[in-house]
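Here's the structure, in structure tokens; my notes come after.
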Amino acid sequence: MKNEANDKKPKMVDWYNPSQLLNTGIKTAISTIIGENADPRLVNAASTLGKFFDYSHELIINEEGEFEESEKNREEIWIDYVSDVGDGWNSTYSVAYSLARQNIEIAGKPLERGEILVFGGDQVYPTATTDKYEKRFVEPYKIAFNTVGNANVKVGNDVDLKQTPHVFALPGNHDWYDSLVAFQKIFCTNIFNKRIFADGWRTRQKRSYFALKLPQKWWLLGVDLQLSHNIDVRQLEYFESIIEEMSSGDKVIFCVPEPYWVKAIKYQGYTKVFDEKEKSIEKLEEFLQGKQIEIKLYLAGDLHHYRRFESEDGHRIQKITAGGGGAFLHPTHDFKFDKNYKGKTKNASSYTLKQSYPLFEDSRKLDWGNLYGFLATNKTFGIVTAVLYPLLALLIHGEINGQFHWTKPFKATINRLIAEPISLLIVILLLLGLIFFTDSNSKLQKYLGGAIHGFFHLGAIFVLGWLGFFLMLRLVGIDTIRYATYYNEHPTTVNLVWFGCVLVVCGIGGYIIGSIIMGVYLFISLHIFGRHDNEAFSALKIEDYKNFVRLHIGKDGKLSIYPLKIEKVEREWLDEERNKKKISKPKNGIKPELIEQIAPIG
């Protein structure tokens with residue numbers, strides 16, 4: 001029997017839906033323009049210098065109802081890190097359900113739920129609005145926390161982090177699309193004196209960046225890079241003031257919204273954007289190095305897979321991408337990191353890729369889905385080409401007089417383009433649009449790839465348009481030799497039949513052929529050239545291969561890293577109500593597994 005409740009749950013974002021394509025484009029343009037001129041990170045930043053959240057001691061509640069550290073030291077702590085959530089229900093909830101559980105047993109060892117949960121960026125898709133945050137992000141985590149047996153926990157002044165964990169969040173580019181309005185409501189404000197996220201986690205931050213003091217001389221720094229910006233001056237001042245509070249020998253977990261270290265090497269020689277971000281962040285590294293403090297772990301999301309690099313200098317510095325919290329999967333075969341790479345900054349170490357999830361070969365197999373299944377997976381994209389193809393065919397068609405030969409329709413079309421500048425302008429705009437769409441920082445690849453992609457669409461329009469012409473000939477019962485005479489005698493009939501045939505042939509053909517061309521283009525771009533990783537895998541809408549990271553700072557001062565995967569997310573849910581709260585249990589169960597064993601660091 002079909003579960004109606006399951007049908008109402010959010011599906012994976014249909015990125016190739018025409019309305020979504022238009023909406024995303026508009027939101028991106030507006031947020032970029034506004035974001036460059038109005039940066040909320042600057043507001044009241046100076047008043048927060050030197051302020052951090054202390055989790056190196058047990059917490060108490062003071063007379064003002066605020067958290068305050070006690071004299072009792074904490075000897076250990078568990079931290080969860082997850083990024084790129086808030087897409088389809090199945091993927092987002094499978095991860096949320098796993099994070100909300102009191103512990104996850106791996107090889108007979110219980111890994112305790114994070115006493116602090118860190119969201120690494122992009123809490124919602126496709127764009128940030130209060131409504132989308134609630135449906136795609138807050139609601140799944142609320143139901144998950146209530147489902148796993150925490151519904152009766154009192155979250156008022158509870159200082160037991162094992163019962164009422166705390167949560168901090170960094171904004172990613174999707175959170176920035178509304179200039180952090182919705183993000184700040186959830187994580188940075190104290191509405192009705194209730195700083196609770198999703199019925200279970202307590203919020204404390206007041207800015208989009210933060211610093212946490214942890215047990216055993218560890219710190220966690222969360223940096224906000226805005227949209228295309230680097231670290232702003234006020235944020236640098238804030239972290240510099242935090243570093244002044246640190247001591248020699250302290251160790252740092254460094255969280256950023258995107259793995260600039262991956263992109264810097266992938267686009268080496270093509271753009272300096274990511275090199276500049278490395279240099280911006282190097283400023284913080286220089287502050288730390290000046291006090292003999294080392295960043296031991298870099299954590300980032302943005303790319304929806306798992307990758308771990310390790311330094312080759314003996315310090316075992318880890319750089320981990322873990323963006324598998326719920327959004328569509330990103331490939332791991334987009335670039336072959338088969339050699340040690342070194343960052344562009346003067347203090348950079350050499351790093352080697354140690355592990356990817358999914359594996360390079362598995363990712364490459366998934367890529368074939370665009371070649372044979374783009375149309376089936378993206379049913380609404382064909383509407384774009386179904387409209388575009390007949391309009392262009394009618395605009396650029398020519399006339400054939402006399403015996404048909406393949407050269408005649410081509411010449412007739414060229415003559416039409418010359419005679420009608422508006423037709424030529426539209427063709428040029430189509431080509432320029434596809435060149436702009438092409439994902440390559442190489443100008444040669446961009447112009448060549450976009451032009452080839454465009455000419456395949458134009459070729460399809462040409463062929464389908466003239467198929468419509470010959471269908472019209474059959475319908476009116478004439479051949480090409482008598483076409484001119486017949487047209488002179490019955491112009492209205494011919495034009496109406498021609499118009500109808502083009503609409504039918506180019507409309508149906510455009511829906512099918514246009515989608516196939518797009519799928520083939522994305523497949524070739526990624527499979528051969530390693531480009532369009534975002535566009536190619538967003539088209540596949542893969543829910544599975546999720547991941548998150550569980551961290552443990554032990555009594556020995558070592559940091560243990562547990563990267564966990566959910567190979568196949570749950571798709572059937574048993575919904576009910578408990579104590580007037582919604583709960584949703586996975587019908588077949590969810591069993592996170594370890595991606596790899598990593599020796600403790602620190």
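Chain lettering (A, B, ...) mirrors the order of the structure tokens, residue numbering begins at 1 for each chain separately, and ligand numbering begins at 1 in order of display.
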12 Å contact set for Ile583 of chain A, only C-alpha atoms, chain neighbours under 6 positions out, as number ranges by chain: A: 5, 93, 97, 139-151, 573-577
Shell around segment 542-547 of chain A at 8 Å using only C-alpha atoms, local window under 5 positions removed, as a PyMOL selection string: chain A and resi 12+82+88+90-91+95+305-306+322-329+357-358+537+563-569
Shell around segment 523-527 of chain A at 12 Å using only C-alpha atoms, local window under 2 positions removed, as a ChimeraX atom specification: /A:330-336,360-361,363-374,438-440,445-446,448-450,452-453,516-521,529-537,539-540
Of the listed residues A:Cys501, A:Leu236, A:Leu424, A:Leu353, that which approaches Glu282 of chain A most closely, counting only C-alpha atoms: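 Among A:Cys501, A:Leu236, A:Leu424, A:Leu353, it is A:Leu236 that comes nearest to Glu282 of chain A.
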Atomic separation - atom CA of Gly200 of chain A relative to atom CA of Ile61 of chain A, Å: 18.0 Å
Give me, as a compact mmCIF listing (two decimals) with N, CA, C and O atoms, in the first residue's frame, all polymer residues having an atom no more than 10 Å from Ser560 of chain A, counting only C-alpha atoms and skipping those fewer than 5 positions away in the same chain.
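Output file around25.txt follows:
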```txt
# COMPACT_ATOMS: atom_id res chain seq x y z
N TRP A 78 32.97 14.44 22.58
CA TRP A 78 32.59 13.90 21.27
C TRP A 78 32.00 15.03 20.44
O TRP A 78 31.22 15.84 20.94
N ARG A 550 32.51 11.70 12.86
CA ARG A 550 32.43 11.74 14.32
C ARG A 550 33.84 11.87 14.88
O ARG A 550 34.73 11.10 14.50
N LEU A 551 34.05 12.83 15.77
CA LEU A 551 35.37 13.10 16.35
C LEU A 551 35.33 12.83 17.85
O LEU A 551 34.31 13.06 18.51
N HIS A 552 36.45 12.37 18.37
CA HIS A 552 36.56 12.16 19.81
C HIS A 552 37.92 12.63 20.31
O HIS A 552 38.97 12.16 19.84
N ILE A 553 37.91 13.59 21.20
CA ILE A 553 39.13 14.00 21.89
C ILE A 553 39.19 13.21 23.19
O ILE A 553 38.33 13.37 24.08
N GLY A 554 40.16 12.31 23.29
CA GLY A 554 40.23 11.42 24.43
C GLY A 554 41.02 11.98 25.60
O GLY A 554 41.63 13.06 25.52
N GLN A 597 39.78 3.33 8.57
CA GLN A 597 40.41 3.46 9.88
C GLN A 597 41.50 4.53 9.79
O GLN A 597 42.34 4.48 8.91
N ILE A 598 41.47 5.48 10.72
CA ILE A 598 42.48 6.54 10.76
C ILE A 598 43.14 6.50 12.14
O ILE A 598 42.45 6.58 13.16
N ALA A 599 44.41 6.39 12.16
CA ALA A 599 45.13 6.39 13.44
C ALA A 599 44.95 7.73 14.13
O ALA A 599 44.95 8.79 13.48
N PRO A 600 44.76 7.74 15.46
CA PRO A 600 44.57 9.01 16.19
C PRO A 600 45.72 9.98 15.94
O PRO A 600 46.87 9.57 15.73
N ILE A 601 45.40 11.26 15.99
CA ILE A 601 46.41 12.29 15.75
C ILE A 601 46.49 13.21 16.96
O ILE A 601 45.60 13.24 17.80
N GLY A 602 47.57 13.98 17.02
CA GLY A 602 47.69 14.97 18.08
C GLY A 602 48.90 14.71 18.96
O GLY A 602 49.59 13.72 18.88
```
